[in-house]
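Chemist: Data: start-v9.pdb, PDB, C-alpha atoms, pLDDT in the B column.
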ATOM      1  CA  MET A   1      -3.228 -16.320  18.438  1.00 73.00           C
ATOM      2  CA  ASP A   2      -6.869 -16.724  17.381  1.00 93.00           C
ATOM      3  CA  ILE A   3      -8.798 -14.239  15.215  1.00 93.00           C
ATOM      4  CA  PRO A   4     -10.728 -12.385  17.987  1.00 92.00           C
ATOM      5  CA  LYS A   5      -7.527 -11.930  20.021  1.00 95.00           C
ATOM      6  CA  LEU A   6      -5.650 -10.569  16.969  1.00 96.00           C
ATOM      7  CA  LEU A   7      -8.467  -8.116  16.204  1.00 95.00           C
ATOM      8  CA  GLU A   8      -8.678  -7.077  19.864  1.00 94.00           C
ATOM      9  CA  ALA A   9      -4.897  -6.513  19.950  1.00 95.00           C
ATOM     10  CA  ALA A  10      -5.159  -4.258  16.873  1.00 95.00           C
ATOM     11  CA  SER A  11      -8.173  -2.414  18.361  1.00 94.00           C
ATOM     12  CA  LEU A  12      -6.221  -1.569  21.518  1.00 94.00           C
ATOM     13  CA  LEU A  13      -3.675   0.313  19.366  1.00 94.00           C
ATOM     14  CA  VAL A  14      -6.322   2.699  17.953  1.00 92.00           C
ATOM     15  CA  PRO A  15      -6.771   5.912  20.010  1.00 90.00           C
ATOM     16  CA  GLU A  16     -10.385   6.345  21.167  1.00 87.00           C
ATOM     17  CA  ALA A  17     -10.572   9.867  19.702  1.00 88.00           C
ATOM     18  CA  VAL A  18      -9.780   8.638  16.172  1.00 87.00           C
ATOM     19  CA  ALA A  19     -12.713   8.599  13.727  1.00 87.00           C
ATOM     20  CA  THR A  20     -12.993   7.957   9.981  1.00 86.00           C
ATOM     21  CA  GLU A  21     -14.779  10.325   7.562  1.00 83.00           C
ATOM     22  CA  ASN A  22     -17.944   8.275   8.248  1.00 85.00           C
ATOM     23  CA  ASP A  23     -17.531   8.790  12.025  1.00 89.00           C
ATOM     24  CA  ILE A  24     -16.535   5.163  12.613  1.00 90.00           C
ATOM     25  CA  THR A  25     -14.554   4.787  15.842  1.00 91.00           C
ATOM     26  CA  VAL A  26     -12.906   1.915  17.664  1.00 92.00           C
ATOM     27  CA  ASN A  27     -16.094   1.619  19.786  1.00 91.00           C
ATOM     28  CA  ASP A  28     -17.932   0.489  16.638  1.00 93.00           C
ATOM     29  CA  VAL A  29     -15.264  -2.161  16.147  1.00 93.00           C
ATOM     30  CA  TRP A  30     -15.737  -3.444  19.714  1.00 94.00           C
ATOM     31  CA  GLU A  31     -19.469  -3.781  19.058  1.00 94.00           C
ATOM     32  CA  TYR A  32     -18.879  -6.001  16.016  1.00 94.00           C
ATOM     33  CA  LEU A  33     -16.281  -8.031  17.907  1.00 94.00           C
ATOM     34  CA  ALA A  34     -18.806  -8.639  20.696  1.00 94.00           C
ATOM     35  CA  HIS A  35     -21.127 -10.199  18.095  1.00 94.00           C
ATOM     36  CA  ASP A  36     -18.340 -12.247  16.412  1.00 92.00           C
ATOM     37  CA  GLU A  37     -18.618 -10.135  13.231  1.00 95.00           C
ATOM     38  CA  TRP A  38     -14.902 -10.519  12.564  1.00 95.00           C
ATOM     39  CA  GLU A  39     -14.848  -9.642   8.888  1.00 95.00           C
ATOM     40  CA  VAL A  40     -16.741  -6.369   9.474  1.00 95.00           C
ATOM     41  CA  ALA A  41     -14.431  -5.546  12.407  1.00 95.00           C
ATOM     42  CA  LEU A  42     -11.370  -6.154  10.209  1.00 96.00           C
ATOM     43  CA  ASP A  43     -12.784  -3.921   7.477  1.00 94.00           C
ATOM     44  CA  LEU A  44     -13.469  -1.088   9.956  1.00 93.00           C
ATOM     45  CA  LEU A  45      -9.996  -1.416  11.475  1.00 94.00           C
ATOM     46  CA  GLU A  46      -8.400  -1.149   8.034  1.00 94.00           C
ATOM     47  CA  GLY A  47     -10.264   2.157   7.585  1.00 91.00           C
ATOM     48  CA  LEU A  48      -9.227   3.430  11.017  1.00 91.00           C
ATOM     49  CA  GLY A  49      -5.594   2.649  10.153  1.00 88.00           C
ATOM     50  CA  ASP A  50      -5.616   5.470   7.608  1.00 80.00           C
ATOM     51  CA  VAL A  51      -6.643   8.301   9.955  1.00 77.00           C
ATOM     52  CA  PRO A  52      -3.367   8.682  11.856  1.00 76.00           C
ATOM     53  CA  PRO A  53      -0.503   6.348  10.928  1.00 80.00           C
ATOM     54  CA  LEU A  54      -0.826   3.438  13.358  1.00 88.00           C
ATOM     55  CA  PRO A  55       2.118   1.313  14.561  1.00 90.00           C
ATOM     56  CA  LEU A  56       3.547  -1.662  12.716  1.00 94.00           C
ATOM     57  CA  ALA A  57       2.056  -4.059  15.313  1.00 95.00           C
ATOM     58  CA  PHE A  58      -1.460  -2.878  14.311  1.00 95.00           C
ATOM     59  CA  TRP A  59      -0.960  -3.952  10.685  1.00 96.00           C
ATOM     60  CA  GLN A  60       0.826  -7.156  11.692  1.00 96.00           C
ATOM     61  CA  SER A  61      -2.152  -8.210  13.848  1.00 97.00           C
ATOM     62  CA  LEU A  62      -4.607  -7.404  11.057  1.00 96.00           C
ATOM     63  CA  ALA A  63      -2.505  -9.304   8.483  1.00 97.00           C
ATOM     64  CA  ALA A  64      -2.438 -12.399  10.712  1.00 97.00           C
ATOM     65  CA  ALA A  65      -6.217 -12.189  11.314  1.00 97.00           C
ATOM     66  CA  ALA A  66      -6.938 -11.739   7.581  1.00 97.00           C
ATOM     67  CA  GLU A  67      -4.750 -14.753   6.761  1.00 97.00           C
ATOM     68  CA  GLN A  68      -6.608 -16.919   9.273  1.00 97.00           C
ATOM     69  CA  MET A  69      -9.925 -15.775   7.743  1.00 97.00           C
ATOM     70  CA  ARG A  70      -8.519 -16.555   4.262  1.00 96.00           C
ATOM     71  CA  LEU A  71      -9.227 -13.000   3.079  1.00 96.00           C
ATOM     72  CA  ASP A  72      -6.386 -12.841   0.577  1.00 94.00           C
ATOM     73  CA  ARG A  73      -6.788  -9.246  -0.598  1.00 93.00           C
ATOM     74  CA  SER A  74      -7.120  -7.926   2.971  1.00 95.00           C
ATOM     75  CA  ALA A  75      -4.065  -9.925   4.044  1.00 96.00           C
ATOM     76  CA  ALA A  76      -2.077  -8.571   1.085  1.00 95.00           C
ATOM     77  CA  TRP A  77      -3.169  -4.994   1.931  1.00 96.00           C
ATOM     78  CA  CYS A  78      -2.180  -5.352   5.596  1.00 96.00           C
ATOM     79  CA  HIS A  79       1.229  -6.776   4.615  1.00 96.00           C
ATOM     80  CA  TRP A  80       1.584  -3.837   2.201  1.00 96.00           C
ATOM     81  CA  ARG A  81       0.912  -1.432   5.094  1.00 95.00           C
ATOM     82  CA  CYS A  82       3.550  -3.253   7.184  1.00 96.00           C
ATOM     83  CA  PHE A  83       6.038  -2.535   4.360  1.00 95.00           C
ATOM     84  CA  GLU A  84       4.973   1.136   4.333  1.00 95.00           C
ATOM     85  CA  SER A  85       5.405   1.385   8.119  1.00 93.00           C
ATOM     86  CA  ARG A  86       9.016   0.237   7.724  1.00 94.00           C
ATOM     87  CA  ASN A  87       9.902   2.008   4.463  1.00 94.00           C
ATOM     88  CA  GLY A  88       7.547   4.968   3.983  1.00 93.00           C
ATOM     89  CA  ILE A  89       4.571   5.762   1.752  1.00 94.00           C
ATOM     90  CA  ILE A  90       4.702   6.834  -1.889  1.00 97.00           C
ATOM     91  CA  ARG A  91       1.401   7.705  -3.572  1.00 97.00           C
ATOM     92  CA  ALA A  92       1.022   8.853  -7.174  1.00 98.00           C
ATOM     93  CA  ASP A  93      -1.616   9.552  -9.809  1.00 98.00           C
ATOM     94  CA  LEU A  94      -0.950   7.023 -12.598  1.00 97.00           C
ATOM     95  CA  THR A  95      -2.271   7.166 -16.165  1.00 97.00           C
ATOM     96  CA  LEU A  96      -1.657   4.087 -18.309  1.00 96.00           C
ATOM     97  CA  ARG A  97      -1.169   4.295 -22.051  1.00 94.00           C
ATOM     98  CA  PRO A  98      -4.158   3.097 -24.113  1.00 93.00           C
ATOM     99  CA  ALA A  99      -3.996  -0.353 -25.714  1.00 87.00           C
ATOM    100  CA  HIS A 100      -3.130   0.948 -29.198  1.00 88.00           C
ATOM    101  CA  GLU A 101      -0.008   2.697 -27.782  1.00 87.00           C
ATOM    102  CA  ALA A 102       1.126   0.050 -25.290  1.00 83.00           C
ATOM    103  CA  ARG A 103       2.844  -3.339 -25.366  1.00 85.00           C
ATOM    104  CA  ARG A 104       0.511  -4.610 -22.626  1.00 88.00           C
ATOM    105  CA  GLN A 105      -2.916  -5.583 -23.920  1.00 89.00           C
ATOM    106  CA  THR A 106      -4.651  -6.739 -20.735  1.00 90.00           C
ATOM    107  CA  PRO A 107      -5.678  -5.118 -17.423  1.00 92.00           C
ATOM    108  CA  PHE A 108      -3.647  -6.081 -14.339  1.00 93.00           C
ATOM    109  CA  SER A 109      -4.479  -6.773 -10.694  1.00 93.00           C
ATOM    110  CA  GLY A 110      -4.334  -3.758  -8.423  1.00 94.00           C
ATOM    111  CA  ALA A 111      -3.380  -5.833  -5.363  1.00 94.00           C
ATOM    112  CA  GLY A 112       0.393  -5.371  -5.391  1.00 93.00           C
ATOM    113  CA  VAL A 113       1.150  -8.211  -7.827  1.00 92.00           C
ATOM    114  CA  LEU A 114       2.729  -6.185 -10.652  1.00 94.00           C
ATOM    115  CA  ARG A 115       6.352  -5.101 -10.085  1.00 96.00           C
ATOM    116  CA  PRO A 116       7.161  -2.746 -12.975  1.00 96.00           C
ATOM    117  CA  MET A 117      10.260  -0.586 -13.403  1.00 97.00           C
ATOM    118  CA  TRP A 118      10.150   3.182 -12.900  1.00 97.00           C
ATOM    119  CA  ASN A 119      12.182   6.074 -14.249  1.00 97.00           C
ATOM    120  CA  ILE A 120      12.474   8.348 -11.200  1.00 96.00           C
ATOM    121  CA  GLY A 121      15.215  10.553 -12.635  1.00 93.00           C
ATOM    122  CA  GLY A 122      18.352   8.552 -11.792  1.00 90.00           C
ATOM    123  CA  ARG A 123      21.088   7.795 -14.338  1.00 90.00           C
ATOM    124  CA  THR A 124      23.455   4.868 -14.799  1.00 88.00           C
ATOM    125  CA  PRO A 125      27.236   5.541 -15.074  1.00 91.00           C
ATOM    126  CA  THR A 126      26.815   5.439 -18.886  1.00 92.00           C
ATOM    127  CA  GLY A 127      24.068   8.096 -18.799  1.00 90.00           C
ATOM    128  CA  GLU A 128      21.110   5.765 -19.429  1.00 89.00           C
ATOM    129  CA  PRO A 129      17.970   6.092 -17.256  1.00 89.00           C
ATOM    130  CA  ASP A 130      18.436   4.021 -14.086  1.00 91.00           C
ATOM    131  CA  LEU A 131      15.116   2.162 -13.897  1.00 94.00           C
ATOM    132  CA  CYS A 132      14.093   1.097 -10.379  1.00 96.00           C
ATOM    133  CA  VAL A 133      11.656  -1.709  -9.534  1.00 97.00           C
ATOM    134  CA  ALA A 134       8.634  -0.952  -7.336  1.00 97.00           C
ATOM    135  CA  ALA A 135       5.502  -3.007  -6.747  1.00 97.00           C
ATOM    136  CA  LEU A 136       2.218  -1.260  -7.457  1.00 96.00           C
ATOM    137  CA  TRP A 137      -1.022  -1.153  -5.422  1.00 97.00           C
ATOM    138  CA  VAL A 138      -4.049   0.493  -7.041  1.00 97.00           C
ATOM    139  CA  GLU A 139      -6.327   2.232  -4.534  1.00 94.00           C
ATOM    140  CA  PHE A 140     -10.068   1.491  -4.544  1.00 89.00           C
ATOM    141  CA  THR A 141     -10.135  -0.729  -7.619  1.00 89.00           C
ATOM    142  CA  PRO A 142      -9.307  -4.436  -8.117  1.00 91.00           C
ATOM    143  CA  PHE A 143      -7.937  -4.033 -11.679  1.00 92.00           C
ATOM    144  CA  MET A 144      -6.155  -1.300 -13.618  1.00 94.00           C
ATOM    145  CA  GLU A 145      -7.466  -0.944 -17.166  1.00 93.00           C
ATOM    146  CA  LEU A 146      -5.363   0.132 -20.153  1.00 92.00           C
ATOM    147  CA  GLY A 147      -5.756   3.863 -20.697  1.00 94.00           C
ATOM    148  CA  GLY A 148      -7.098   4.114 -17.139  1.00 94.00           C
ATOM    149  CA  GLN A 149      -6.177   6.562 -14.407  1.00 96.00           C
ATOM    150  CA  ALA A 150      -5.962   5.794 -10.676  1.00 97.00           C
ATOM    151  CA  THR A 151      -4.191   6.689  -7.466  1.00 97.00           C
ATOM    152  CA  VAL A 152      -1.505   4.104  -6.761  1.00 98.00           C
ATOM    153  CA  ARG A 153       0.925   3.287  -3.976  1.00 97.00           C
ATOM    154  CA  LEU A 154       4.473   2.160  -4.719  1.00 98.00           C
ATOM    155  CA  ALA A 155       6.653  -0.260  -2.742  1.00 97.00           C
ATOM    156  CA  PRO A 156      10.250   0.123  -3.996  1.00 96.00           C
ATOM    157  CA  LEU A 157      12.584  -2.872  -4.080  1.00 94.00           C
ATOM    158  CA  SER A 158      15.403  -0.506  -2.995  1.00 93.00           C
ATOM    159  CA  PRO A 159      13.699   2.234  -0.908  1.00 93.00           C
ATOM    160  CA  SER A 160      16.949   4.211  -0.427  1.00 90.00           C
ATOM    161  CA  LYS A 161      17.034   5.015  -4.173  1.00 91.00           C
ATOM    162  CA  TRP A 162      13.641   6.745  -3.883  1.00 94.00           C
ATOM    163  CA  GLN A 163      14.462   9.152  -1.052  1.00 89.00           C
ATOM    164  CA  GLN A 164      14.843  12.155  -3.396  1.00 91.00           C
ATOM    165  CA  LEU A 165      11.287  11.811  -4.748  1.00 94.00           C
ATOM    166  CA  GLN A 166       9.144  14.966  -4.349  1.00 95.00           C
ATOM    167  CA  PRO A 167       5.379  15.634  -4.659  1.00 97.00           C
ATOM    168  CA  GLY A 168       4.634  16.983  -8.129  1.00 97.00           C
ATOM    169  CA  GLN A 169       7.497  15.043  -9.729  1.00 97.00           C
ATOM    170  CA  VAL A 170       6.620  13.149 -12.926  1.00 98.00           C
ATOM    171  CA  ILE A 171       7.859   9.550 -13.147  1.00 98.00           C
ATOM    172  CA  THR A 172       7.272   6.923 -15.830  1.00 97.00           C
ATOM    173  CA  MET A 173       6.328   3.251 -15.534  1.00 97.00           C
ATOM    174  CA  HIS A 174       8.006   0.619 -17.721  1.00 96.00           C
ATOM    175  CA  GLU A 175       7.426  -3.090 -18.277  1.00 92.00           C
ATOM    176  CA  ASP A 176      10.102  -3.022 -20.971  1.00 89.00           C
ATOM    177  CA  ARG A 177      12.056  -0.116 -22.515  1.00 84.00           C
ATOM    178  CA  THR A 178       8.859   1.607 -23.664  1.00 89.00           C
ATOM    179  CA  VAL A 179       6.773   3.856 -21.396  1.00 93.00           C
ATOM    180  CA  ALA A 180       3.694   1.989 -20.090  1.00 94.00           C
ATOM    181  CA  GLY A 181       2.320   4.875 -18.036  1.00 96.00           C
ATOM    182  CA  THR A 182       3.041   8.276 -16.526  1.00 97.00           C
ATOM    183  CA  ALA A 183       2.568   9.153 -12.859  1.00 98.00           C
ATOM    184  CA  ILE A 184       2.571  12.394 -10.893  1.00 98.00           C
ATOM    185  CA  VAL A 185       3.834  11.938  -7.329  1.00 98.00           C
ATOM    186  CA  LEU A 186       1.159  13.023  -4.826  1.00 98.00           C
ATOM    187  CA  ASP A 187       2.644  12.196  -1.453  1.00 95.00           C
ATOM    188  CA  VAL A 188       5.951  11.013  -0.004  1.00 95.00           C
ATOM    189  CA  GLN A 189       6.171  10.080   3.699  1.00 92.00           C
ATOM    190  CA  GLY A 190       9.054   8.609   5.646  1.00 88.00           C
ATOM    191  CA  PRO A 191       8.838   5.391   7.665  1.00 89.00           C
ATOM    192  CA  SER A 192       6.716   5.441  10.825  1.00 78.00           C
ATOM    193  CA  VAL A 193       8.897   2.739  12.398  1.00 69.00           C
ATOM    194  CA  PRO A 194      12.251   3.986  13.754  1.00 65.00           C
ATOM    195  CA  PRO A 195      15.256   2.251  12.168  1.00 57.00           C
ATOM    196  CA  PRO A 196      16.837  -0.510  14.283  1.00 57.00           C
ATOM    197  CA  VAL A 197      19.558   0.614  16.661  1.00 53.00           C
ATOM    198  CA  THR A 198      23.009  -0.687  15.688  1.00 53.00           C
ATOM    199  CA  LEU A 199      25.528  -1.126  18.467  1.00 55.00           C
ATOM    200  CA  GLN A 200      28.980   0.316  17.862  1.00 56.00           C
ATOM    201  CA  SER A 201      31.757  -2.193  18.368  1.00 47.00           C
TER     202      SER A 201
END
So, in terms of structure tokens, how does the structure I just supplied come out?
Modeler:
Amino acid sequence: MDIPKLLEAASLLVPEAVATENDITVNDVWEYLAHDEWEVALDLLEGLGDVPPLPLAFWQSLAAAAEQMRLDRSAAWCHWRCFESRNGIIRADLTLRPAHEARRQTPFSGAGVLRPMWNIGGRTPTGEPDLCVAALWVEFTPFMELGGQATVRLAPLSPSKWQQLQPGQVITMHEDRTVAGTAIVLDVQGPSVPPPVTLQS
């Protein structure tokens, strides 16, 4: 499917009454599509996708359009939102340790590349902390600086292990056994996509 068709397909999944904080609606998107302003239309659709949770097909269409336009960060974000549609959303306020206290000495990309371990309160059979892997997306900033603070989204490798997480809970980030950062959970939402139906034999 070509880029305009993918963007049109996504637009049709946005309710007309939906508007962003800046009063952008799907009608604005249609105007940009009519003038072949695909990148602007994609950007506006990404913003509209945050107002109510939109279906998985919305993010899949946007991801495919972003890939065809070679917009790597947008494509990665739309794939991230596909994951969240299937597995739920976890947002937290993360503070990294400063350079003089941390093993890491360089900033890292905020675009879901880093996959650190997290102490979310679980224990191994021997009583050690059961560290769980989750990829990390930093909102509104391309890089996370040492000692910095930002709102992040987490994509767990094993989502079922994270189901007990609660807003207000403190979790710690690890790249090795030492604590690399501390996060306060802000928001936990379940999947917006119903689980697949399994037929009983």
Chemist: Using 10 Å as the limit and counting only C-alpha atoms, can you tabulate each residue of range 54-130 of chain A that touches range 144-158 of chain A, with its shortest atom-to-atom distance in Å and the two atoms involved, as CSV?
Modeler:
residue,atom,partner,partner_atom,distance
A:Trp80,CA,A:Ala155,CA,7.9
A:Arg81,CA,A:Ala155,CA,9.8
A:Phe83,CA,A:Ala155,CA,7.5
A:Glu84,CA,A:Ala155,CA,7.4
A:Asn87,CA,A:Ala155,CA,8.2
A:Gly88,CA,A:Ala155,CA,8.6
A:Ile89,CA,A:Arg153,CA,7.2
A:Ile90,CA,A:Leu154,CA,5.5
A:Arg91,CA,A:Arg153,CA,4.5
A:Ala92,CA,A:Val152,CA,5.4
A:Asp93,CA,A:Thr151,CA,4.5
A:Leu94,CA,A:Ala150,CA,5.5
A:Thr95,CA,A:Gln149,CA,4.3
A:Leu96,CA,A:Gly147,CA,4.7
A:Arg97,CA,A:Gly147,CA,4.8
A:Pro98,CA,A:Gly147,CA,3.8
A:Ala99,CA,A:Leu146,CA,5.7
A:His100,CA,A:Leu146,CA,9.4
A:Glu101,CA,A:Gly147,CA,9.2
A:Ala102,CA,A:Leu146,CA,8.3
A:Arg104,CA,A:Leu146,CA,7.9
A:Gln105,CA,A:Leu146,CA,7.3
A:Thr106,CA,A:Leu146,CA,6.9
A:Pro107,CA,A:Glu145,CA,4.5
A:Phe108,CA,A:Met144,CA,5.4
A:Ser109,CA,A:Met144,CA,6.4
A:Gly110,CA,A:Met144,CA,6.0
A:Ala111,CA,A:Met144,CA,9.8
A:Gly112,CA,A:Ala155,CA,8.5
A:Arg115,CA,A:Ala155,CA,8.8
A:Pro116,CA,A:Pro156,CA,9.9
A:Met117,CA,A:Pro156,CA,9.4
A:Trp118,CA,A:Pro156,CA,9.4
Chemist: Taking all atoms listed in the file into account, name the residue in A:Ala76, A:Pro142, A:Pro191, A:Val179 that is nearest to Gln163 in chain A.
Modeler: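 Between A:Ala76, A:Pro142, A:Pro191, A:Val179, the residue approaching Gln163 in chain A most closely is A:Pro191.
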Chemist: Name the residues captured by the PyMOL selection byres ((chain A and resi 15) around 12) when it is applied to the shown file; answer as a ChimeraX atom specification.
Modeler: /A:10-14,16-20,25-27,45,48-49,51-55,58
Chemist: Counting only C-alpha atoms, note down every residue that has an atom within 12 Å of the point (-7.0, -13.3, 7.8) (file coordinates), as an MDAnalysis selection string.
Modeler: chainID A and resid 1:4 6:7 38:39 41:43 59:79
Chemist: Could you work out how far CA of Val188 in chain A lies from CA of Pro167 in chain A, giving the answer in Å with one decimal?
Modeler: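 Separation between CA of Pro167 in chain A and CA of Val188 in chain A: 6.6 Å.
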Chemist: Can you tell me how far CA of Thr126 in chain A sits from CA of Ala180 in chain A, in Å to one decimal?
Modeler: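 These two atoms are separated by 23.4 Å.
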Chemist: To one decimal in Å, tell me the separation between CA of Ile171 in chain A and CA of Asn119 in chain A.
Modeler: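 It comes out at 5.7 Å.
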Chemist: Once 4 Å is added on each side, what are the centre and the three edge lengths, in Å to one decimal, of the axis-aligned box enclosing the listed atoms of range 44-56 of chain A? Present them as AutoDock Vina command-line options.
Modeler:
--center_x -5.0 --center_y 3.5 --center_z 11.1 --size_x 25.0 --size_y 18.3 --size_z 15.0
Chemist: Taking the file above as input, evaluate the PyMOL selection byres ((chain A and resi 122) around 12) and report the hits as a PyMOL selection string.
Modeler: chain A and resi 118-121+123-132+161-165+171-172
Chemist: Restricted to C-alpha atoms, what would the selected residues look like written as a PDB file, keeping the file's coordinate frame?
Modeler:
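Result went into part-v3.pdb, see below:
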ATOM      1  CA  TRP A 118      10.150   3.182 -12.900  1.00 97.00           C
ATOM      2  CA  ASN A 119      12.182   6.074 -14.249  1.00 97.00           C
ATOM      3  CA  ILE A 120      12.474   8.348 -11.200  1.00 96.00           C
ATOM      4  CA  GLY A 121      15.215  10.553 -12.635  1.00 93.00           C
ATOM      5  CA  ARG A 123      21.088   7.795 -14.338  1.00 90.00           C
ATOM      6  CA  THR A 124      23.455   4.868 -14.799  1.00 88.00           C
ATOM      7  CA  PRO A 125      27.236   5.541 -15.074  1.00 91.00           C
ATOM      8  CA  THR A 126      26.815   5.439 -18.886  1.00 92.00           C
ATOM      9  CA  GLY A 127      24.068   8.096 -18.799  1.00 90.00           C
ATOM     10  CA  GLU A 128      21.110   5.765 -19.429  1.00 89.00           C
ATOM     11  CA  PRO A 129      17.970   6.092 -17.256  1.00 89.00           C
ATOM     12  CA  ASP A 130      18.436   4.021 -14.086  1.00 91.00           C
ATOM     13  CA  LEU A 131      15.116   2.162 -13.897  1.00 94.00           C
ATOM     14  CA  CYS A 132      14.093   1.097 -10.379  1.00 96.00           C
ATOM     15  CA  LYS A 161      17.034   5.015  -4.173  1.00 91.00           C
ATOM     16  CA  TRP A 162      13.641   6.745  -3.883  1.00 94.00           C
ATOM     17  CA  GLN A 163      14.462   9.152  -1.052  1.00 89.00           C
ATOM     18  CA  GLN A 164      14.843  12.155  -3.396  1.00 91.00           C
ATOM     19  CA  LEU A 165      11.287  11.811  -4.748  1.00 94.00           C
ATOM     20  CA  ILE A 171       7.859   9.550 -13.147  1.00 98.00           C
ATOM     21  CA  THR A 172       7.272   6.923 -15.830  1.00 97.00           C
TER      22      THR A 172
END
Chemist: Which protein, DNA or RNA residues are at most 6 Å from (4.5, 11.1, -11.2) in the file's coordinates when you count all atoms listed in the file, listed as a PyMOL selection string?
Modeler: chain A and resi 92+169-171+183-185
Chemist: Of the residues A:Leu33, A:Arg177, A:Glu46, A:Leu114, which is the one nearest to Val138 in chain A, using all atoms listed in the file?
Modeler: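 With all atoms listed in the file as the atom set, the closest residue is A:Leu114.
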